[in-house]
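Peer 1: Below are the C-alpha cells for one structure; questions will follow.
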Amino acid sequence: MAFTINQKAVKIFLRLALSIGFLSAVADRFGLWSKEVSAWGNWENFVAYTKVLNPLIPESLINPVAIIATAAEVIFAIFLLIGFKTELFARLSGFLLLLFALSMTFTIGIKGPLDYSVFTSAAAAFALSLMKEKYMEIG
C-alpha cells in the first residue's frame, strides 16, 4: 500500500505551519513562552534584535519597524489560518520571511537563517502562493 499525500493536505499543512510559526514568534516577543525556550522573551529584547538586523535604519524608526513586522506577522498568520486570500498572504509572507532571512544573512551571517529554516519557510510560503486549488478557504 503506497502512502500518498494530496495537495489539499499539503496546502492545509503549509497554512498551519506558517501561521503557527508567525504566532509563536509574536508570542515570544510578548513573553508568552517560558524563558527556557524563548529567543527574545520580551518586547525590549525583540526591539534590540530588530536594531541588529537593521543597522542602517535610524534609532528613532526601530520601534515602528518592530511594530510593523509584528503586525504583519499577526495579520498574515490570521489570514493564512482562516484561508482568506491565501495566495496573496502566502506571497506576502514569503517576501517578509525572505527579507528577514537576507537581513539576518547580511548582519549576523548565514548560519542563523539556515539553522532557523528562514529560507525554507520563505520557500514554503512562496510554494503555498502557487497552489491555486481552493480548499477550506474564504476569499
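The chains in the C-alpha cells are called A, B, ... from first to last as shown; in each chain the residues are counted from 1, and the ligands are counted from 1 in the order shown.
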So that I can check the surroundings of A:Leu88, please list as a list in words every protein, DNA and RNA residue that reaches within 10 Å of it, counting only C-alpha atoms and ignoring chain neighbours fewer than 4 positions away.

Peer 2: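 Listed by chain and then number, they are Phe76, Phe79, Leu80, Phe84, Leu92, Ser93, Gly94, Phe126, Leu128, Ser129 and Leu130 of chain A.
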
Peer 1: Compile the contact shell of A:Glu73 as a list in words: residues with an atom at most 8 Å away, counting only C-alpha atoms, same-chain residues fewer than 2 positions apart removed.

Peer 2: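 The neighbour list is Phe22, Leu23, Val26, Ala69, Thr70, Ala71, Ile75, Phe76, Ala77 and Ser93 of chain A.
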
Peer 1: Going by DSSP on the backbone, which bits of stretch 94-136 of chain A are alpha helix (DSSP H)? Write them as a ChimeraX atom specification, please.

Peer 2: /A:94-108,111-115,118-129

Peer 1: Write out as a PDB file with N, CA and C atoms, in the first residue's frame which residues come within 12 Å of A:Lys11 when counting only C-alpha atoms, dropping same-chain ones fewer than 5 positions away.

Peer 2:
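See result_36.pdb below for the written result:
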ATOM      1  N   ILE A   5       0.223  11.687  -0.392  1.00  0.00           N
ATOM      2  CA  ILE A   5      -0.177  12.951   0.220  1.00  0.00           C
ATOM      3  C   ILE A   5      -0.802  13.792  -0.875  1.00  0.00           C
ATOM      4  N   ASN A   6      -2.023  14.231  -0.655  1.00  0.00           N
ATOM      5  CA  ASN A   6      -2.648  15.038  -1.695  1.00  0.00           C
ATOM      6  C   ASN A   6      -2.394  16.526  -1.475  1.00  0.00           C
ATOM      7  N   LEU A  16      -1.099  26.044   8.138  1.00  0.00           N
ATOM      8  CA  LEU A  16      -0.969  25.901   9.587  1.00  0.00           C
ATOM      9  C   LEU A  16       0.460  26.139  10.053  1.00  0.00           C
ATOM     10  N   ALA A  17       1.418  25.554   9.355  1.00  0.00           N
ATOM     11  CA  ALA A  17       2.822  25.678   9.768  1.00  0.00           C
ATOM     12  C   ALA A  17       3.286  27.133   9.728  1.00  0.00           C
ATOM     13  N   LEU A  18       2.963  27.837   8.667  1.00  0.00           N
ATOM     14  CA  LEU A  18       3.364  29.241   8.559  1.00  0.00           C
ATOM     15  C   LEU A  18       2.650  30.091   9.614  1.00  0.00           C
ATOM     16  N   LEU A  80      -3.840  33.479   6.852  1.00  0.00           N
ATOM     17  CA  LEU A  80      -3.462  32.141   6.388  1.00  0.00           C
ATOM     18  C   LEU A  80      -4.229  31.076   7.155  1.00  0.00           C
ATOM     19  N   LEU A  81      -4.388  31.278   8.432  1.00  0.00           N
ATOM     20  CA  LEU A  81      -5.085  30.306   9.271  1.00  0.00           C
ATOM     21  C   LEU A  81      -6.537  30.118   8.833  1.00  0.00           C
ATOM     22  N   GLY A  83      -7.694  30.998   5.897  1.00  0.00           N
ATOM     23  CA  GLY A  83      -7.759  30.768   4.460  1.00  0.00           C
ATOM     24  C   GLY A  83      -8.338  31.940   3.683  1.00  0.00           C
ATOM     25  N   THR A  86      -5.520  33.391   0.409  1.00  0.00           N
ATOM     26  CA  THR A  86      -4.330  32.600   0.708  1.00  0.00           C
ATOM     27  C   THR A  86      -3.169  32.899  -0.230  1.00  0.00           C
ATOM     28  N   GLU A  87      -3.425  32.981  -1.520  1.00  0.00           N
ATOM     29  CA  GLU A  87      -2.328  33.242  -2.465  1.00  0.00           C
ATOM     30  C   GLU A  87      -1.627  34.556  -2.138  1.00  0.00           C
ATOM     31  N   ALA A  90       0.143  34.359   1.387  1.00  0.00           N
ATOM     32  CA  ALA A  90       1.294  33.458   1.317  1.00  0.00           C
ATOM     33  C   ALA A  90       2.452  34.164   0.607  1.00  0.00           C
ATOM     34  N   ALA A 124       8.525  27.820   1.463  1.00  0.00           N
ATOM     35  CA  ALA A 124       7.230  27.190   1.719  1.00  0.00           C
ATOM     36  C   ALA A 124       6.089  28.182   1.474  1.00  0.00           C
ATOM     37  N   ALA A 125       6.280  29.419   1.896  1.00  0.00           N
ATOM     38  CA  ALA A 125       5.251  30.440   1.683  1.00  0.00           C
ATOM     39  C   ALA A 125       5.066  30.713   0.191  1.00  0.00           C
ATOM     40  N   PHE A 126       6.169  30.813  -0.543  1.00  0.00           N
ATOM     41  CA  PHE A 126       6.054  31.031  -1.991  1.00  0.00           C
ATOM     42  C   PHE A 126       5.395  29.824  -2.672  1.00  0.00           C
ATOM     43  N   ALA A 127       5.726  28.612  -2.235  1.00  0.00           N
ATOM     44  CA  ALA A 127       5.095  27.413  -2.799  1.00  0.00           C
ATOM     45  C   ALA A 127       3.593  27.435  -2.528  1.00  0.00           C
ATOM     46  N   LEU A 128       3.207  27.797  -1.306  1.00  0.00           N
ATOM     47  CA  LEU A 128       1.789  27.897  -0.976  1.00  0.00           C
ATOM     48  C   LEU A 128       1.087  28.913  -1.869  1.00  0.00           C
ATOM     49  N   SER A 129       1.764  30.011  -2.164  1.00  0.00           N
ATOM     50  CA  SER A 129       1.142  31.051  -3.001  1.00  0.00           C
ATOM     51  C   SER A 129       0.864  30.569  -4.419  1.00  0.00           C
ATOM     52  N   LEU A 130       1.533  29.505  -4.841  1.00  0.00           N
ATOM     53  CA  LEU A 130       1.345  28.967  -6.191  1.00  0.00           C
ATOM     54  C   LEU A 130       0.280  27.876  -6.267  1.00  0.00           C
ATOM     55  N   MET A 131      -0.220  27.440  -5.133  1.00  0.00           N
ATOM     56  CA  MET A 131      -1.242  26.392  -5.098  1.00  0.00           C
ATOM     57  C   MET A 131      -2.607  27.037  -5.327  1.00  0.00           C
ATOM     58  N   LYS A 132      -3.144  26.855  -6.522  1.00  0.00           N
ATOM     59  CA  LYS A 132      -4.351  27.580  -6.935  1.00  0.00           C
ATOM     60  C   LYS A 132      -5.655  26.941  -6.458  1.00  0.00           C
ATOM     61  N   GLU A 133      -5.674  25.623  -6.286  1.00  0.00           N
ATOM     62  CA  GLU A 133      -6.901  24.947  -5.894  1.00  0.00           C
ATOM     63  C   GLU A 133      -7.353  25.423  -4.507  1.00  0.00           C
ATOM     64  N   LYS A 134      -8.589  25.822  -4.404  1.00  0.00           N
ATOM     65  CA  LYS A 134      -9.146  26.308  -3.140  1.00  0.00           C
ATOM     66  C   LYS A 134      -9.643  25.112  -2.318  1.00  0.00           C
ATOM     67  N   TYR A 135      -9.285  25.118  -1.042  1.00  0.00           N
ATOM     68  CA  TYR A 135      -9.765  24.077  -0.132  1.00  0.00           C
ATOM     69  C   TYR A 135      -9.809  24.649   1.269  1.00  0.00           C
ATOM     70  N   MET A 136     -10.995  24.647   1.871  1.00  0.00           N
ATOM     71  CA  MET A 136     -11.198  25.197   3.207  1.00  0.00           C
ATOM     72  C   MET A 136     -10.674  26.635   3.284  1.00  0.00           C
ATOM     73  N   GLU A 137     -11.062  27.447   2.298  1.00  0.00           N
ATOM     74  CA  GLU A 137     -10.608  28.830   2.237  1.00  0.00           C
ATOM     75  C   GLU A 137     -11.794  29.747   1.988  1.00  0.00           C
TER      76      GLU A 137
END

Peer 1: Would you mind listing what lies within 12 Å of stretch 56-63 of chain A as a list in words, with only C-alpha atoms counted and same-chain residues fewer than 4 positions away left out?

Peer 2: Trp43, Glu44, Asn45, Phe46, Val47, Ala48, Tyr49, Thr50, Lys51, Val52, Ile67, Ile68, Ala69, Thr70, Ser103, Phe106 and Thr107 of chain A

Peer 1: Kindly give the distance, in Å, that separates atom CA of A:Phe13 and atom CA of A:Phe30, rounded to a single decimal.

Peer 2: 25.6 Å

Peer 1: At what distance in Å, to one decimal, does atom CA of A:Val118 lie from atom CA of A:Asp28?

Peer 2: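 Value for the atom CA of A:Asp28-atom CA of A:Val118 distance: 16.5 Å.
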
Peer 1: What is the atom CA of A:Ser19 to atom CA of A:Trp33 distance in Å?

Peer 2: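 If I compute the distance from atom CA of A:Ser19 to atom CA of A:Trp33, I get 16.7 Å.
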